[in-house]
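Report on the structure given below.
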Amino acid sequence: MKKITKKNVLLLYFFMVASIAFAQPGSINSHEDNSQLVRDLSGYRWKMKMMLPGEGVKQGLHKLPPEDIETLVWNPAHVPGDVYTDLWKAGAIEDPYFGRNSVKAQWVMQYEWWYSYQFNVTEDVGDNLVRLDFDGIDYACDVWLNGVFLGSHEGAFSSFSFNINEAIRTSKKNLKSSNILMIRLAPPPQVNSKVAGRKTPWFGDYWRDLIPFGISRPIKMVYTGKSRIQDLYVHSQINKDKSATVHLEVEVENTSSKPKNITFTSSIEGSNFKSKQINTEFTSLVQPGKHVVKKQVKVKDAQLWWPWDLGKPNLYVAKVSITENKINQDFAETTFGIREVSMQWNPGFTKDEVSFPRTTVINGKPIFIRSACWGGPPDIFVGRTTEDKYKRLIQLAKEANMNNIRIFGWHPPEIPIFYKLCDEAGITVWQDIIPLGTGNLSKDPVFLEKIFKEGESVITERRNHPSLIMMEGGEEMFLRSGDAMFTRNFLETLGKRLQAKVDLPYVPDSPLTCETAQSAGYKPKEAVHALGYFYGMGRWLMEDWFSSLDYPIVPELAITSVPNVESLKKFIPKDELWTPGVSWGHHWADLDRLRIQNFDAFGDEKTGSLQEFVDATQDAQGIIFQLSIEHFRRRKPRTSGISLCHFITYWPDMKWGIVDNYTQPKRSYYYVKRAYQPILINLKFPKRRWSNSESFKGEIWVVNDFYEQYKNTKGTYIIKDDLGNVLKKQSFDVNTIGENSSIKVLSIEDKVLKKVKKNFYVTLELKDAKGKVISSNEYMLLIGDQKEASKKFKAMGAEIRERNQTYTYGNYYKFFDKLSGENGKEYETKRDTVKSRGF
């Protein structure tokens, strides 16, 4: 008899709880007690092994007996995850995020990797169907269970399943109950255009050539009856009497050869608020195969889902169970929100200037989108990220006053926890459905159909999330398109396929203002990528640049900065921290642009120390973001949204994000937080540099994104010098601030700069009728010669462009010239080279 121990008692308790939590298919139970019997294979019980391409099958890994313990000596692994993280944890490679280790790990993607999972099934399957559900594998795999080939799959974002009744082994005896699941991961594809839309692009100026792959999402073993639910789609229509019609669309599969009467039982009730449960039961004759059964349910006094700045993000949960002769077959549930999304044309733009309406309307209310690109997933090696990291990042986005996150087409669609958190936080999602980072696609219909299918799979999985409000087809495809009309037709077909799955607004690409896009028929004032300041660094001072931008919406506005010093120490070798070493360049630090950007912001390159330089890059990024955001927000409703590039990035880089890879906000984050206040008092001025003899001139504006009117408010502005001395303080009345509005409230002209030496500061404050501060803001401006600064800035830019003629963009050897010289003694020469550039 087995000895009773505390450990055995805990295990017995676990299995008792598990048997209560899941209702076995084939049993008789109420809808309320119903649930699906699922065995999640996630965790640390996986093993992995490296093989030369093609050798695993030749050696017979797929035929290993289930009872064997050969895999005991394979490397440990975790699913979901990725190959690189598993190897890093096993000590086979050094941390790819640190220094230039990613270059050293490129051998990994030349091999195939075998993952094994051994488990026991002691209960008889009976009349149930058992399948393996794969939520996602990046990118290509072959699958065996107990030596039985189940099938293959390609595509990083689409889920797939295999029926395993014929392959699974069950027995009450331990060895005979053994099963072994074997998955062969093919070496990742090396040419993106051949897998575009079905794998995350691994190139671009925020990553190096190390192609991620792995079992990226969970694998589950699911038990059902002979009839099963394949998908549950819930969408709604808001009625004039404040009720809503909820449409249930249940895709059900009758696996038998005869029609069956299947009873559907559904319930709908509030998920994050209390409500009366609405129950419905109906029977439908379902023919063999897969069919969609539809049912409408009326919800009285519907509680709508709103973005957080317009109302409460109310959520409902819908549950559906199916039975035959009162015997349970399957169960599904989903969380959804009652909301409607449409688009309106931006006032002030004609249809000769733009092709699409660009104002998002939620539940009848136009909104201004305050967004940033989600440069994610939080880690390009998904095995490194956690649910807690997602929670912190969504919290930081909301605290920065964002009402939207844009997943742009260089990054993959996100996993369920992301959308769940956005649903709950009331943050909307603007998404390129699949990552299309190239316009050079094959015209082969079979190839294109694979892309369309991948897109349909992505939107089908995510369409119940009320946070998802807008779809895009491509990302900068026309910038790389060799055939403009083919690209247009492809993107429009993709849109039709997606909108057949979900009723959401769709635009084909971003941006559409380039020469190629216009040759395909798009208009000159489409959505713009406001990247000109960074990529054309030295052509315009910041205020000359952003003030010239006039577009209905801005999907990307890009400025760069360096992470905090404490974060730098985590991925830059100690001897390369200061002066900057080669690893800075490997992590995409453009030292030229960073120091010149500092000059624009401060009149000084700020290269005196590591701390000074880091802080200055973050402040410069923040100042440019703040002033640009305010420019676009003052233009509402002509402009209807802006998305910064980026909120985060997916490895520790020196580039776009305002929150670094360790979830630490940069100083620029707080500038954005201030500029994204839903009600914002702000200052418009023609230039940042003023002479001592000039009167400072500007305009004070108030932007209100709330649907709330403010009356009898009072504003104050204060001008201070370098030492904090008050040069001018004035209060003023703002009698009415209309809902969803932008108004100029005061012009100022003050001759107070005579004794200011270097900088002066303007602070603004707005109080409501009760004296509560509802908005505050601040600015740093310079004493200097605007024309001379512009001249010097342009000379710096010309120097960058001249050097790029030799090294090209992205080649960081230009900062360390002697790397390419004899012997490449980088650590002896780098400081001389970098110091000659101002460090």
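We label chains A, B, ... in the order they appear in the structure tokens, count residues from 1 in each chain, and number ligands from 1 in the order shown.
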
Please identify all polymer residues within 6 Å of A:Gly715, counting only C-alpha atoms, omitting same-chain residues fewer than 6 positions from it, and present them as a ChimeraX atom specification.
/A:731-732,765-766

Separation of atom CA of A:Phe486 from atom CA of A:Pro445 in Å
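Answer for the atom CA of A:Pro445 to atom CA of A:Phe486 separation: 12.2 Å.
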
Extract, using only C-alpha atoms, all DNA, RNA and protein residues at most 7 Å from stretch 344-359 of chain A, discarding same-chain residues fewer than 5 positions from it, and format them as a ChimeraX atom specification.
/A:366,522-526,552-553,637-640

So how many Å separate atom CA of A:Arg45 and atom CA of A:Asp127, to one decimal?
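Atom CA of A:Asp127 lies 28.7 Å from atom CA of A:Arg45.
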
Pull the helix (DSSP H, G or I) assignments for stretch 489-599 of chain A out of DSSP run on the backbone, and list those residues as a ChimeraX atom specification.
/A:489-499,515-519,532-535,542-546,565-571,574-576,582-586,591-599

Spatial neighbours of A:Ser243, max dist 6 Å, only C-alpha atoms, sep filter under 4 positions, as a PyMOL selection string
chain A and resi 239+299-302

Put those residues in a file: all heavy atoms, as a PDB file, in the first residue's frame.
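Just written: result-v9.pdb:
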ATOM      1  N   ASN A 239     -30.193  49.226 -30.172  1.00  0.00           N
ATOM      2  CA  ASN A 239     -31.518  49.692 -30.603  1.00  0.00           C
ATOM      3  C   ASN A 239     -31.847  51.059 -30.006  1.00  0.00           C
ATOM      4  O   ASN A 239     -31.241  51.493 -29.019  1.00  0.00           O
ATOM      5  CB  ASN A 239     -32.575  48.660 -30.197  1.00  0.00           C
ATOM      6  CG  ASN A 239     -32.278  47.283 -30.761  1.00  0.00           C
ATOM      7  OD1 ASN A 239     -31.881  47.151 -31.917  1.00  0.00           O
ATOM      8  ND2 ASN A 239     -32.461  46.253 -29.944  1.00  0.00           N
ATOM      9  N   VAL A 299     -31.275  42.058 -25.256  1.00  0.00           N
ATOM     10  CA  VAL A 299     -30.791  42.486 -23.942  1.00  0.00           C
ATOM     11  C   VAL A 299     -31.413  43.843 -23.648  1.00  0.00           C
ATOM     12  O   VAL A 299     -31.117  44.838 -24.313  1.00  0.00           O
ATOM     13  CB  VAL A 299     -29.256  42.591 -23.914  1.00  0.00           C
ATOM     14  CG1 VAL A 299     -28.781  43.101 -22.558  1.00  0.00           C
ATOM     15  CG2 VAL A 299     -28.624  41.238 -24.228  1.00  0.00           C
ATOM     16  N   LYS A 300     -32.310  43.886 -22.667  1.00  0.00           N
ATOM     17  CA  LYS A 300     -32.937  45.153 -22.282  1.00  0.00           C
ATOM     18  C   LYS A 300     -31.952  45.985 -21.465  1.00  0.00           C
ATOM     19  O   LYS A 300     -31.114  45.443 -20.757  1.00  0.00           O
ATOM     20  CB  LYS A 300     -34.212  44.889 -21.474  1.00  0.00           C
ATOM     21  CG  LYS A 300     -35.301  44.141 -22.243  1.00  0.00           C
ATOM     22  CD  LYS A 300     -36.524  43.899 -21.361  1.00  0.00           C
ATOM     23  CE  LYS A 300     -37.613  43.152 -22.128  1.00  0.00           C
ATOM     24  NZ  LYS A 300     -38.791  42.872 -21.257  1.00  0.00           N
ATOM     25  N   ASP A 301     -32.082  47.284 -21.567  1.00  0.00           N
ATOM     26  CA  ASP A 301     -31.211  48.193 -20.820  1.00  0.00           C
ATOM     27  C   ASP A 301     -29.750  47.782 -20.969  1.00  0.00           C
ATOM     28  O   ASP A 301     -29.035  47.544 -19.987  1.00  0.00           O
ATOM     29  CB  ASP A 301     -31.607  48.226 -19.337  1.00  0.00           C
ATOM     30  CG  ASP A 301     -30.871  49.333 -18.571  1.00  0.00           C
ATOM     31  OD1 ASP A 301     -30.486  50.330 -19.212  1.00  0.00           O
ATOM     32  OD2 ASP A 301     -30.671  49.180 -17.356  1.00  0.00           O
ATOM     33  N   ALA A 302     -29.315  47.673 -22.217  1.00  0.00           N
ATOM     34  CA  ALA A 302     -27.967  47.206 -22.512  1.00  0.00           C
ATOM     35  C   ALA A 302     -26.919  48.151 -21.935  1.00  0.00           C
ATOM     36  O   ALA A 302     -27.009  49.371 -22.089  1.00  0.00           O
ATOM     37  CB  ALA A 302     -27.785  47.087 -24.023  1.00  0.00           C
TER      38      ALA A 302
END

Option closest in space to A:Ser547, from A:Gly771, A:Gly437, A:Gly698, A:Pro686 [counting only C-alpha atoms]
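Smallest separation from A:Ser547 among the options: A:Pro686.
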
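Proximity ranking of A:Asp722, A:Glu576, A:Asp768, A:Asp330 relative to A:Val834 places A:Glu576 first, based on only C-alpha atoms.
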
So which residues touch stretch 102-115 of chain A within 8 Å, counting only C-alpha atoms, skipping near sequence neighbours fewer than 4 positions away, as a ChimeraX atom specification?
/A:46-54,56,77,83-84,93-98,182-188,208-211

Close residues, A:Phe760 itself excluded, 8 Å, only C-alpha atoms, min 2 positions apart in chain, as a tab-separated table (two decimals) with C-alpha atoms, in the first residue's frame:
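Saved file around08.tsv follows:
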chain	number	residue	atom	x	y	z
A	719	ILE	CA	6.72	82.63	-17.27
A	720	LYS	CA	9.93	81.95	-15.31
A	721	ASP	CA	13.63	82.43	-16.05
A	722	ASP	CA	16.55	80.00	-15.64
A	756	VAL	CA	17.05	85.61	-19.36
A	758	LYS	CA	19.71	80.57	-21.58
A	762	VAL	CA	6.07	78.56	-19.29
A	780	MET	CA	11.02	74.85	-21.84
A	781	LEU	CA	12.09	77.42	-24.45
A	782	LEU	CA	15.49	78.81	-25.42
A	783	ILE	CA	17.25	82.13	-25.73

Please provide as a VMD selection string all residues within 8 Å of A:Lys687, with the sequence filter that same-chain residues fewer than 5 positions apart are discarded (counting only C-alpha atoms).
chain A and resid 543 to 544 786

Residues flagged strand (DSSP E) by DSSP in stretch 775-825 of chain A, as a CSV table (one decimal) with C-alpha atoms, in the first residue's frame:
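Saved the output as states_8.csv:
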chain,number,residue,atom,x,y,z
A,775,SER,CA,-5.3,70.2,-16.6
A,776,SER,CA,-1.7,71.5,-16.3
A,777,ASN,CA,1.2,71.8,-18.7
A,778,GLU,CA,4.7,73.1,-19.0
A,779,TYR,CA,7.3,74.1,-21.6
A,780,MET,CA,11.0,74.8,-21.8
A,781,LEU,CA,12.1,77.4,-24.4
A,782,LEU,CA,15.5,78.8,-25.4
A,783,ILE,CA,17.2,82.1,-25.7

Atom CA of A:Trp308 to atom CA of A:Ala425: how many Å, to one decimal?
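Atom CA of A:Ala425 lies 6.7 Å from atom CA of A:Trp308.
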